[in-house]
file input-v6.txt (compact mmCIF, C-alpha atoms and all ligand atoms)
# COMPACT_ATOMS: atom_id res chain seq x y z
CA MET A 136 -59.28 -22.79 88.83
CA LYS A 137 -60.32 -23.65 85.30
CA ASN A 138 -62.87 -20.81 85.32
CA LEU A 139 -60.22 -18.40 86.45
CA LYS A 140 -57.89 -19.49 83.65
CA ASN A 141 -60.68 -19.13 81.09
CA ALA A 142 -61.55 -15.66 82.43
CA LEU A 143 -57.89 -14.58 82.12
CA LEU A 144 -57.73 -15.99 78.62
CA LEU A 145 -60.89 -14.15 77.65
CA LYS A 146 -59.49 -10.93 79.11
CA GLN A 147 -56.33 -11.38 77.02
CA LEU A 148 -58.44 -11.92 73.90
CA TYR A 149 -60.42 -8.71 74.58
CA GLN A 150 -57.18 -6.81 75.07
CA LEU A 151 -55.80 -8.17 71.81
CA ARG A 152 -59.00 -7.16 70.02
CA GLN A 153 -58.65 -3.64 71.40
CA LEU A 154 -55.14 -3.58 70.00
CA GLY A 155 -56.53 -4.37 66.56
CA TYR A 156 -56.23 -8.11 66.36
CA LYS A 157 -59.05 -9.78 64.42
CA TYR A 158 -60.56 -13.17 65.10
CA THR A 159 -60.49 -15.53 62.16
CA SER A 160 -62.10 -18.91 61.88
CA ALA A 161 -59.58 -21.60 62.67
CA THR A 162 -58.63 -23.73 59.69
CA VAL A 163 -57.49 -27.19 60.61
CA TYR A 164 -54.05 -27.93 59.16
CA LYS A 165 -54.45 -30.94 56.93
CA GLU A 166 -51.36 -32.60 55.56
CA ASP A 167 -51.70 -34.36 52.20
CA GLU A 168 -52.01 -38.10 52.80
CA PRO A 169 -48.72 -39.66 51.68
CA ASP A 170 -49.13 -42.32 49.01
CA LEU A 171 -47.79 -45.44 50.68
CA SER A 172 -48.75 -47.88 47.95
CA LEU A 173 -45.96 -49.56 46.00
CA PRO A 174 -45.77 -49.25 42.19
CA ASP A 175 -47.53 -51.79 40.00
CA THR A 176 -44.67 -52.70 37.68
CA LEU A 177 -41.41 -54.49 38.47
CA GLU A 178 -39.42 -51.73 36.76
CA LYS A 179 -40.93 -48.98 38.92
CA LEU A 180 -40.69 -51.14 42.04
CA LYS A 181 -36.99 -51.65 41.32
CA VAL A 182 -36.46 -47.90 41.05
CA GLN A 183 -38.23 -47.43 44.39
CA ALA A 184 -36.10 -50.15 46.02
CA GLN A 185 -32.96 -48.51 44.63
CA GLN A 186 -33.91 -45.31 46.44
CA CYS A 187 -34.74 -47.06 49.72
CA HIS A 188 -33.07 -45.89 52.91
CA LEU A 189 -35.49 -47.46 55.36
CA CYS A 190 -32.95 -49.62 57.19
CA GLU A 191 -29.33 -49.65 58.27
CA LEU A 192 -28.26 -51.84 55.33
CA SER A 193 -28.71 -48.91 52.95
CA LYS A 194 -25.72 -47.21 54.59
CA SER A 195 -23.18 -49.86 53.71
CA ARG A 196 -24.48 -51.25 50.41
CA SER A 197 -22.82 -50.63 47.05
CA SER A 198 -25.98 -51.54 45.18
CA VAL A 199 -29.54 -52.65 45.78
CA VAL A 200 -29.93 -56.23 44.55
CA PHE A 201 -33.59 -56.15 43.59
CA GLY A 202 -33.92 -59.47 41.78
CA GLU A 203 -33.97 -60.66 38.20
CA GLY A 204 -35.54 -63.14 35.85
CA SER A 205 -38.71 -63.62 33.90
CA PRO A 206 -41.54 -61.30 35.02
CA GLN A 207 -43.93 -64.16 34.12
CA ALA A 208 -41.95 -66.90 35.85
CA ASP A 209 -43.86 -69.88 37.21
CA ILE A 210 -41.06 -70.49 39.70
CA MET A 211 -39.46 -68.01 42.06
CA PHE A 212 -36.30 -68.71 44.09
CA ILE A 213 -35.87 -66.71 47.27
CA GLY A 214 -32.52 -66.54 49.04
CA GLU A 215 -31.45 -64.73 52.18
CA ALA A 216 -29.45 -61.64 51.25
CA PRO A 217 -26.92 -60.46 48.66
CA GLY A 218 -23.28 -61.32 49.34
CA VAL A 219 -20.18 -59.38 48.38
CA THR A 220 -20.27 -60.34 44.67
CA GLU A 221 -24.00 -59.60 44.35
CA ASP A 222 -23.50 -56.27 46.12
CA SER A 223 -20.88 -55.23 43.57
CA MET A 224 -22.75 -56.61 40.54
CA GLY A 225 -26.28 -55.57 41.58
CA LYS A 226 -27.64 -59.03 40.63
CA PRO A 227 -28.72 -61.91 42.87
CA PHE A 228 -26.78 -65.16 43.11
CA THR A 229 -23.82 -64.20 40.95
CA GLY A 230 -21.06 -65.51 43.22
CA ARG A 231 -20.09 -69.15 43.87
CA SER A 232 -23.47 -70.04 45.38
CA GLY A 233 -25.07 -68.43 42.33
CA GLU A 234 -23.11 -70.72 40.02
CA LEU A 235 -24.39 -73.69 41.95
CA LEU A 236 -27.96 -72.37 41.90
CA THR A 237 -27.74 -71.94 38.12
CA LYS A 238 -26.58 -75.57 37.81
CA MET A 239 -29.44 -76.74 40.04
CA ILE A 240 -31.95 -74.93 37.84
CA GLU A 241 -30.48 -75.88 34.47
CA ASN A 242 -29.36 -79.46 35.20
CA VAL A 243 -32.26 -80.66 37.35
CA LEU A 244 -35.24 -78.55 36.33
CA LEU A 245 -33.98 -78.48 32.74
CA ILE A 246 -34.94 -74.85 32.21
CA LYS A 247 -32.83 -71.73 31.70
CA ARG A 248 -32.00 -69.55 34.71
CA GLU A 249 -33.61 -66.63 32.83
CA GLU A 250 -36.95 -68.46 32.89
CA VAL A 251 -37.26 -68.32 36.68
CA TYR A 252 -37.32 -65.27 38.95
CA ILE A 253 -34.61 -64.94 41.62
CA THR A 254 -34.59 -62.59 44.57
CA ASN A 255 -33.80 -62.40 48.29
CA ILE A 256 -35.50 -61.65 51.59
CA VAL A 257 -33.45 -58.44 51.88
CA LYS A 258 -32.23 -56.49 48.90
CA CYS A 259 -29.05 -55.06 50.43
CA ARG A 260 -25.97 -56.86 51.69
CA PRO A 261 -25.66 -57.22 55.46
CA PRO A 262 -22.12 -56.26 56.58
CA ASP A 263 -19.81 -59.28 56.95
CA ASN A 264 -22.55 -61.45 55.42
CA ARG A 265 -24.36 -61.69 58.74
CA VAL A 266 -27.97 -62.91 58.82
CA PRO A 267 -30.41 -60.01 58.29
CA THR A 268 -32.01 -58.80 61.51
CA PRO A 269 -35.80 -59.22 61.92
CA THR A 270 -36.17 -55.44 61.53
CA GLU A 271 -34.24 -55.48 58.25
CA ALA A 272 -36.18 -58.48 56.96
CA HIS A 273 -39.57 -57.02 57.93
CA THR A 274 -38.71 -53.59 56.52
CA CYS A 275 -37.77 -55.11 53.16
CA TYR A 276 -40.67 -57.56 53.12
CA SER A 277 -43.11 -55.27 51.34
CA PHE A 278 -40.82 -55.20 48.28
CA LEU A 279 -40.77 -59.00 48.22
CA LEU A 280 -44.55 -59.26 48.67
CA LYS A 281 -45.06 -56.87 45.77
CA GLN A 282 -42.61 -58.84 43.60
CA ILE A 283 -44.61 -62.00 44.33
CA GLU A 284 -47.89 -60.18 43.60
CA LEU A 285 -46.54 -58.94 40.24
CA VAL A 286 -44.76 -62.11 39.06
CA LYS A 287 -47.49 -64.43 40.40
CA PRO A 288 -45.30 -67.56 40.62
CA LYS A 289 -47.07 -70.89 41.01
CA LEU A 290 -44.16 -72.23 43.01
CA ILE A 291 -41.71 -70.60 45.38
CA VAL A 292 -38.49 -72.36 46.37
CA THR A 293 -36.99 -70.88 49.52
CA LEU A 294 -33.24 -71.35 49.84
CA GLY A 295 -32.09 -71.89 53.42
CA GLY A 296 -33.67 -71.45 56.82
CA THR A 297 -33.87 -67.64 56.83
CA ALA A 298 -35.89 -67.42 53.61
CA TYR A 299 -38.24 -70.20 54.76
CA HIS A 300 -38.71 -68.58 58.16
CA TYR A 301 -39.59 -65.13 56.82
CA MET A 302 -41.83 -66.52 54.09
CA THR A 303 -43.91 -68.66 56.46
CA GLY A 304 -43.38 -67.40 60.01
CA ASP A 305 -42.42 -70.99 60.92
CA GLU A 306 -39.21 -71.46 62.90
CA THR A 307 -38.74 -75.18 62.21
CA GLY A 308 -35.14 -75.94 61.26
CA ILE A 309 -34.40 -76.31 57.56
CA SER A 310 -33.06 -79.88 57.87
CA LYS A 311 -36.48 -80.95 59.22
CA ILE A 312 -38.70 -78.97 56.91
CA ARG A 313 -36.86 -79.17 53.55
CA GLY A 314 -38.71 -80.90 50.77
CA THR A 315 -42.16 -80.35 52.30
CA LEU A 316 -44.92 -78.59 50.38
CA HIS A 317 -46.78 -75.60 51.80
CA GLN A 318 -49.85 -74.08 50.17
CA GLN A 319 -50.15 -70.37 50.88
CA ASN A 320 -51.45 -67.22 49.19
CA GLY A 321 -52.09 -68.94 45.86
CA TYR A 322 -48.69 -70.60 45.44
CA THR A 323 -46.91 -73.74 46.62
CA LEU A 324 -43.81 -73.12 48.71
CA ILE A 325 -41.06 -75.69 48.98
CA PRO A 326 -38.05 -75.12 51.23
CA THR A 327 -34.63 -76.52 50.43
CA TYR A 328 -31.04 -75.98 51.50
CA HIS A 329 -29.19 -72.81 50.55
CA PRO A 330 -26.54 -73.30 47.82
CA SER A 331 -23.86 -71.83 50.11
CA PHE A 332 -24.68 -74.58 52.63
CA LEU A 333 -24.17 -77.09 49.82
CA LEU A 334 -20.76 -75.60 49.05
CA ARG A 335 -19.77 -76.33 52.64
CA ASN A 336 -21.64 -79.65 52.84
CA PRO A 337 -21.59 -81.26 49.41
CA SER A 338 -23.14 -84.45 50.79
CA ALA A 339 -26.45 -82.56 51.20
CA LYS A 340 -26.68 -82.16 47.42
CA LYS A 341 -28.62 -85.40 47.14
CA GLU A 342 -31.39 -84.01 49.35
CA VAL A 343 -31.60 -80.86 47.23
CA PHE A 344 -31.72 -83.06 44.16
CA GLU A 345 -34.76 -84.87 45.69
CA ASP A 346 -36.42 -81.52 46.50
CA LEU A 347 -35.87 -80.25 42.98
CA LYS A 348 -37.29 -83.46 41.55
CA LYS A 349 -40.50 -82.59 43.41
CA VAL A 350 -40.37 -79.12 41.89
CA LYS A 351 -39.92 -80.67 38.44
CA ALA A 352 -42.90 -82.99 39.00
CA LEU A 353 -45.05 -80.00 40.02
CA MET A 354 -43.88 -78.04 36.97
CA GLU A 355 -45.15 -80.82 34.76
CA GLN A 356 -48.66 -80.23 36.15
CA PHE A 357 -48.66 -76.50 35.21
N1 LIG A 401 -26.82 -65.70 48.99
C1 LIG A 401 -28.10 -65.31 48.98
O1 LIG A 401 -28.90 -65.68 49.83
N2 LIG A 401 -28.48 -64.51 48.00
C2 LIG A 401 -27.68 -64.10 47.03
O2 LIG A 401 -28.11 -63.35 46.17
C3 LIG A 401 -26.33 -64.55 47.07
C4 LIG A 401 -25.94 -65.34 48.05
call {"tool": "encode", "arguments": {"input": "input-v6.txt", "output": "structure tokens"}}
result
Amino acid sequence: MKNLKNALLLKQLYQLRQLGYKYTSATVYKEDEPDLSLPDTLEKLKVQAQQCHLCELSKSRSSVVFGEGSPQADIMFIGEAPGVTEDSMGKPFTGRSGELLTKMIENVLLIKREEVYITNIVKCRPPDNRVPTPTEAHTCYSFLLKQIELVKPKLIVTLGGTAYHYMTGDETGISKIRGTLHQQNGYTLIPTYHPSFLLRNPSAKKEVFEDLKKVKALMEQF
């Protein structure tokens, strides 16, 4: 059967040659390899993030909330996702939970908010402030990894369970794990409660105060 097919094919080729077709050597179509590496400066990375349409969140966002702060910060704070205020301002933690975060940084760590770097697991606001889906978090993760690589913080404070989970892969609840130290990828990670949880549960502020005291003690060793 195969021989018959080949013979018919050959016959067709001969006929085409008689009609004037010429054989040419086949050139393999080679597409240029796309450059998938992310830029090596925060400014260029921000521009790339602002043009990102890799997940559903890009459809409903008003702005991409890339992150802000000192590019040489020793401490990075990572939240979950921008909320409505952040989405309209384009800056992380600018709403009520942002005010509380600023107080936590300035009153307990005794440094200016501008001296740390603040960002989120996902850079675009999930509709109705829902938790980002695993697909959204994983899609956005390469931006966060590159931010960490460029800023090189010595300490990362994750705010809330979602940020801790995506930064470590560990699913332990935040009330159990907060205040513990985790060494990974050249930095120390310390999980604590999210400021918006504190707004709803002010009695948990004392635990965050303890966690930040640990951060302060570590800062003194830098
Ligand atoms: N909550 C977050 O997790 N991040 C923000 O930027 C604001 C609120």
call {"tool": "closest_residue", "arguments": {"input": "input-v6.txt", "among": "A:Val343, A:Leu333, A:Leu280, A:Ala184", "to": "Ser232 of chain A", "atoms": "only C-alpha atoms"}}
result
A:Leu333
call {"tool": "residues_around", "arguments": {"input": "input-v6.txt", "residues": "segment 289-302 of chain A", "least_positions_apart": "4", "cutoff": "8 Å", "atoms": "only C-alpha atoms", "output": "list of chain:residue names"}}
result
A:Asp209, A:Ile210, A:Met211, A:Phe212, A:Ile213, A:Gly214, A:Glu215, A:Asn255, A:Ile256, A:Val266, A:Ala272, A:Glu306, A:Thr307, A:Gly308, A:Ile309, A:Gly321, A:Tyr322, A:Thr323, A:Leu324, A:Ile325, A:Pro326, A:Thr327, A:Tyr328, A:His329, A:Pro330, A:Phe332, A:Val350
call {"tool": "closest_residue", "arguments": {"input": "input-v6.txt", "among": "A:Leu139, A:Glu234, A:Thr303, A:Asn242", "to": "Asn320 of chain A", "atoms": "all atoms listed in the file"}}
result
A:Thr303
call {"tool": "closest_atom_pairs", "arguments": {"input": "input-v6.txt", "of": "chain A", "to": "ligand LIG 401 (chain A)", "cutoff": "7 Å", "atoms": "only C-alpha atoms and all ligand atoms", "output": "CSV"}}
result
residue,atom,partner,partner_atom,distance
A:Gly214,CA,A:LIG401,O1,3.8
A:Glu215,CA,A:LIG401,O1,3.6
A:Ala216,CA,A:LIG401,O1,4.3
A:Pro217,CA,A:LIG401,O2,4.0
A:Gly218,CA,A:LIG401,C3,5.0
A:Glu221,CA,A:LIG401,O2,5.9
A:Pro227,CA,A:LIG401,O2,3.7
A:Phe228,CA,A:LIG401,O2,3.8
A:Thr229,CA,A:LIG401,C3,6.6
A:Gly230,CA,A:LIG401,C3,6.6
A:Ser232,CA,A:LIG401,C4,5.9
A:Gly233,CA,A:LIG401,C3,6.3
A:Thr254,CA,A:LIG401,O2,6.7
A:Asn255,CA,A:LIG401,N2,5.7
A:Ser331,CA,A:LIG401,N1,6.9
call {"tool": "residues_around", "arguments": {"input": "input-v6.txt", "residues": "Cys259 of chain A", "least_positions_apart": "4", "cutoff": "8 Å", "atoms": "only C-alpha atoms", "output": "list in words"}}
result
Leu192, Ser193, Arg196, Ser198, Val199, Val200, Ala216, Pro217 and Asp222 of chain A
call {"tool": "atom_distance", "arguments": {"input": "input-v6.txt", "atom1": "atom CA of Glu250 of chain A", "atom2": "atom CA of Met354 of chain A"}}
result
12.5 Å
call {"tool": "atom_distance", "arguments": {"input": "input-v6.txt", "atom1": "atom CA of Glu345 of chain A", "atom2": "atom CA of Arg265 of chain A"}}
result
28.6 Å
call {"tool": "closest_residue", "arguments": {"input": "input-v6.txt", "among": "A:Ser197, A:Gly204, A:Phe357, A:Val182", "to": "Thr237 of chain A", "atoms": "only C-alpha atoms"}}
result
A:Gly204
call {"tool": "closest_residue", "arguments": {"input": "input-v6.txt", "among": "A:Lys247, A:Glu203, A:Asn264, A:Leu316", "to": "Thr220 of chain A", "atoms": "all atoms listed in the file"}}
result
A:Asn264
call {"tool": "closest_residue", "arguments": {"input": "input-v6.txt", "among": "A:Lys340, A:Tyr156, A:Phe278, A:Lys349", "to": "Lys179 of chain A", "atoms": "all atoms listed in the file"}}
result
A:Phe278
call {"tool": "atom_distance", "arguments": {"input": "input-v6.txt", "atom1": "atom CA of Phe201 of chain A", "atom2": "atom CA of Leu236 of chain A"}}
result
17.3 Å
call {"tool": "closest_residue", "arguments": {"input": "input-v6.txt", "among": "A:Leu334, A:Thr274, A:Ile240, A:Ile246", "to": "Leu347 of chain A", "atoms": "all atoms listed in the file"}}
result
A:Ile240
call {"tool": "residues_around", "arguments": {"input": "input-v6.txt", "residues": "Thr270 of chain A", "least_positions_apart": "4", "cutoff": "10 Å", "atoms": "only C-alpha atoms", "output": "compact mmCIF listing (two decimals) with C-alpha atoms, keeping the file's coordinate frame"}}
result
# COMPACT_ATOMS: atom_id res chain seq x y z
CA CYS A 190 -32.95 -49.62 57.19
CA GLU A 191 -29.33 -49.65 58.27
CA THR A 274 -38.71 -53.59 56.52
CA CYS A 275 -37.77 -55.11 53.16
CA TYR A 276 -40.67 -57.56 53.12
call {"tool": "decode", "arguments": {"input": "input-v6.txt", "residues": "segment 328-340 of chain A", "atoms": "all heavy atoms", "output": "PDB file, in the first residue's frame"}}
result
ATOM      1  N   TYR A 328       0.738  38.876  59.529  1.00  0.00           N
ATOM      2  CA  TYR A 328      -0.636  39.117  59.072  1.00  0.00           C
ATOM      3  C   TYR A 328      -0.688  40.266  58.071  1.00  0.00           C
ATOM      4  O   TYR A 328       0.152  41.171  58.082  1.00  0.00           O
ATOM      5  CB  TYR A 328      -1.526  39.474  60.264  1.00  0.00           C
ATOM      6  CG  TYR A 328      -1.850  38.314  61.170  1.00  0.00           C
ATOM      7  CD1 TYR A 328      -1.688  38.421  62.549  1.00  0.00           C
ATOM      8  CD2 TYR A 328      -2.348  37.117  60.653  1.00  0.00           C
ATOM      9  CE1 TYR A 328      -1.990  37.365  63.395  1.00  0.00           C
ATOM     10  CE2 TYR A 328      -2.650  36.050  61.494  1.00  0.00           C
ATOM     11  CZ  TYR A 328      -2.475  36.181  62.864  1.00  0.00           C
ATOM     12  OH  TYR A 328      -2.768  35.138  63.687  1.00  0.00           O
ATOM     13  N   HIS A 329      -1.719  40.215  57.237  1.00  0.00           N
ATOM     14  CA  HIS A 329      -1.957  41.281  56.261  1.00  0.00           C
ATOM     15  C   HIS A 329      -2.577  42.484  56.988  1.00  0.00           C
ATOM     16  O   HIS A 329      -3.435  42.308  57.850  1.00  0.00           O
ATOM     17  CB  HIS A 329      -2.918  40.758  55.182  1.00  0.00           C
ATOM     18  CG  HIS A 329      -2.972  41.625  53.984  1.00  0.00           C
ATOM     19  ND1 HIS A 329      -3.631  42.835  53.984  1.00  0.00           N
ATOM     20  CD2 HIS A 329      -2.438  41.481  52.749  1.00  0.00           C
ATOM     21  CE1 HIS A 329      -3.507  43.392  52.790  1.00  0.00           C
ATOM     22  NE2 HIS A 329      -2.791  42.590  52.021  1.00  0.00           N
ATOM     23  N   PRO A 330      -2.159  43.717  56.629  1.00  0.00           N
ATOM     24  CA  PRO A 330      -2.758  44.890  57.291  1.00  0.00           C
ATOM     25  C   PRO A 330      -4.292  44.929  57.207  1.00  0.00           C
ATOM     26  O   PRO A 330      -4.941  45.396  58.135  1.00  0.00           O
ATOM     27  CB  PRO A 330      -2.143  46.083  56.550  1.00  0.00           C
ATOM     28  CG  PRO A 330      -0.934  45.547  55.883  1.00  0.00           C
ATOM     29  CD  PRO A 330      -1.108  44.088  55.676  1.00  0.00           C
ATOM     30  N   SER A 331      -4.864  44.433  56.108  1.00  0.00           N
ATOM     31  CA  SER A 331      -6.336  44.495  56.032  1.00  0.00           C
ATOM     32  C   SER A 331      -6.973  43.532  57.039  1.00  0.00           C
ATOM     33  O   SER A 331      -8.070  43.781  57.535  1.00  0.00           O
ATOM     34  CB  SER A 331      -6.853  44.259  54.616  1.00  0.00           C
ATOM     35  OG  SER A 331      -6.499  42.994  54.189  1.00  0.00           O
ATOM     36  N   PHE A 332      -6.264  42.461  57.389  1.00  0.00           N
ATOM     37  CA  PHE A 332      -6.743  41.566  58.455  1.00  0.00           C
ATOM     38  C   PHE A 332      -6.700  42.319  59.793  1.00  0.00           C
ATOM     39  O   PHE A 332      -7.609  42.207  60.616  1.00  0.00           O
ATOM     40  CB  PHE A 332      -5.863  40.306  58.497  1.00  0.00           C
ATOM     41  CG  PHE A 332      -6.167  39.386  59.648  1.00  0.00           C
ATOM     42  CD1 PHE A 332      -7.262  38.524  59.611  1.00  0.00           C
ATOM     43  CD2 PHE A 332      -5.360  39.381  60.783  1.00  0.00           C
ATOM     44  CE1 PHE A 332      -7.547  37.681  60.683  1.00  0.00           C
ATOM     45  CE2 PHE A 332      -5.635  38.531  61.867  1.00  0.00           C
ATOM     46  CZ  PHE A 332      -6.738  37.692  61.802  1.00  0.00           C
ATOM     47  N   LEU A 333      -5.648  43.116  59.967  1.00  0.00           N
ATOM     48  CA  LEU A 333      -5.525  43.890  61.211  1.00  0.00           C
ATOM     49  C   LEU A 333      -6.622  44.943  61.339  1.00  0.00           C
ATOM     50  O   LEU A 333      -7.071  45.242  62.443  1.00  0.00           O
ATOM     51  CB  LEU A 333      -4.158  44.583  61.288  1.00  0.00           C
ATOM     52  CG  LEU A 333      -2.944  43.667  61.324  1.00  0.00           C
ATOM     53  CD1 LEU A 333      -1.675  44.486  61.461  1.00  0.00           C
ATOM     54  CD2 LEU A 333      -3.051  42.671  62.474  1.00  0.00           C
ATOM     55  N   LEU A 334      -7.057  45.479  60.187  1.00  0.00           N
ATOM     56  CA  LEU A 334      -8.137  46.476  60.243  1.00  0.00           C
ATOM     57  C   LEU A 334      -9.429  45.827  60.736  1.00  0.00           C
ATOM     58  O   LEU A 334     -10.228  46.436  61.423  1.00  0.00           O
ATOM     59  CB  LEU A 334      -8.356  47.110  58.862  1.00  0.00           C
ATOM     60  CG  LEU A 334      -7.242  48.031  58.359  1.00  0.00           C
ATOM     61  CD1 LEU A 334      -7.486  48.457  56.915  1.00  0.00           C
ATOM     62  CD2 LEU A 334      -7.117  49.270  59.247  1.00  0.00           C
ATOM     63  N   ARG A 335      -9.589  44.541  60.394  1.00  0.00           N
ATOM     64  CA  ARG A 335     -10.789  43.821  60.836  1.00  0.00           C
ATOM     65  C   ARG A 335     -10.605  43.189  62.206  1.00  0.00           C
ATOM     66  O   ARG A 335     -11.567  42.931  62.914  1.00  0.00           O
ATOM     67  CB  ARG A 335     -11.144  42.721  59.806  1.00  0.00           C
ATOM     68  CG  ARG A 335     -11.746  43.282  58.523  1.00  0.00           C
ATOM     69  CD  ARG A 335     -12.051  42.204  57.504  1.00  0.00           C
ATOM     70  NE  ARG A 335     -10.892  41.944  56.645  1.00  0.00           N
ATOM     71  CZ  ARG A 335     -10.249  40.790  56.538  1.00  0.00           C
ATOM     72  NH1 ARG A 335     -10.652  39.758  57.213  1.00  0.00           N
ATOM     73  NH2 ARG A 335      -9.205  40.669  55.748  1.00  0.00           N
ATOM     74  N   ASN A 336      -9.362  42.929  62.563  1.00  0.00           N
ATOM     75  CA  ASN A 336      -9.050  42.264  63.847  1.00  0.00           C
ATOM     76  C   ASN A 336      -7.939  43.016  64.569  1.00  0.00           C
ATOM     77  O   ASN A 336      -6.801  42.530  64.641  1.00  0.00           O
ATOM     78  CB  ASN A 336      -8.584  40.813  63.583  1.00  0.00           C
ATOM     79  CG  ASN A 336      -9.597  40.011  62.818  1.00  0.00           C
ATOM     80  OD1 ASN A 336     -10.523  39.462  63.384  1.00  0.00           O
ATOM     81  ND2 ASN A 336      -9.437  39.974  61.503  1.00  0.00           N
ATOM     82  N   PRO A 337      -8.244  44.165  65.105  1.00  0.00           N
ATOM     83  CA  PRO A 337      -7.189  45.000  65.697  1.00  0.00           C
ATOM     84  C   PRO A 337      -6.434  44.287  66.822  1.00  0.00           C
ATOM     85  O   PRO A 337      -5.276  44.631  67.082  1.00  0.00           O
ATOM     86  CB  PRO A 337      -7.940  46.221  66.236  1.00  0.00           C
ATOM     87  CG  PRO A 337      -9.289  46.188  65.626  1.00  0.00           C
ATOM     88  CD  PRO A 337      -9.570  44.796  65.181  1.00  0.00           C
ATOM     89  N   SER A 338      -7.041  43.284  67.440  1.00  0.00           N
ATOM     90  CA  SER A 338      -6.352  42.615  68.550  1.00  0.00           C
ATOM     91  C   SER A 338      -5.125  41.829  68.056  1.00  0.00           C
ATOM     92  O   SER A 338      -4.256  41.471  68.848  1.00  0.00           O
ATOM     93  CB  SER A 338      -7.308  41.688  69.302  1.00  0.00           C
ATOM     94  OG  SER A 338      -7.728  40.678  68.433  1.00  0.00           O
ATOM     95  N   ALA A 339      -5.044  41.561  66.741  1.00  0.00           N
ATOM     96  CA  ALA A 339      -3.890  40.833  66.207  1.00  0.00           C
ATOM     97  C   ALA A 339      -2.676  41.748  66.001  1.00  0.00           C
ATOM     98  O   ALA A 339      -1.588  41.283  65.636  1.00  0.00           O
ATOM     99  CB  ALA A 339      -4.262  40.146  64.892  1.00  0.00           C
ATOM    100  N   LYS A 340      -2.881  43.049  66.270  1.00  0.00           N
ATOM    101  CA  LYS A 340      -1.759  43.989  66.061  1.00  0.00           C
ATOM    102  C   LYS A 340      -0.570  43.648  66.946  1.00  0.00           C
ATOM    103  O   LYS A 340       0.580  43.865  66.565  1.00  0.00           O
ATOM    104  CB  LYS A 340      -2.214  45.427  66.343  1.00  0.00           C
ATOM    105  CG  LYS A 340      -3.001  46.044  65.220  1.00  0.00           C
ATOM    106  CD  LYS A 340      -3.312  47.498  65.506  1.00  0.00           C
ATOM    107  CE  LYS A 340      -4.210  48.057  64.424  1.00  0.00           C
ATOM    108  NZ  LYS A 340      -4.756  49.355  64.747  1.00  0.00           N
TER     109      LYS A 340
END
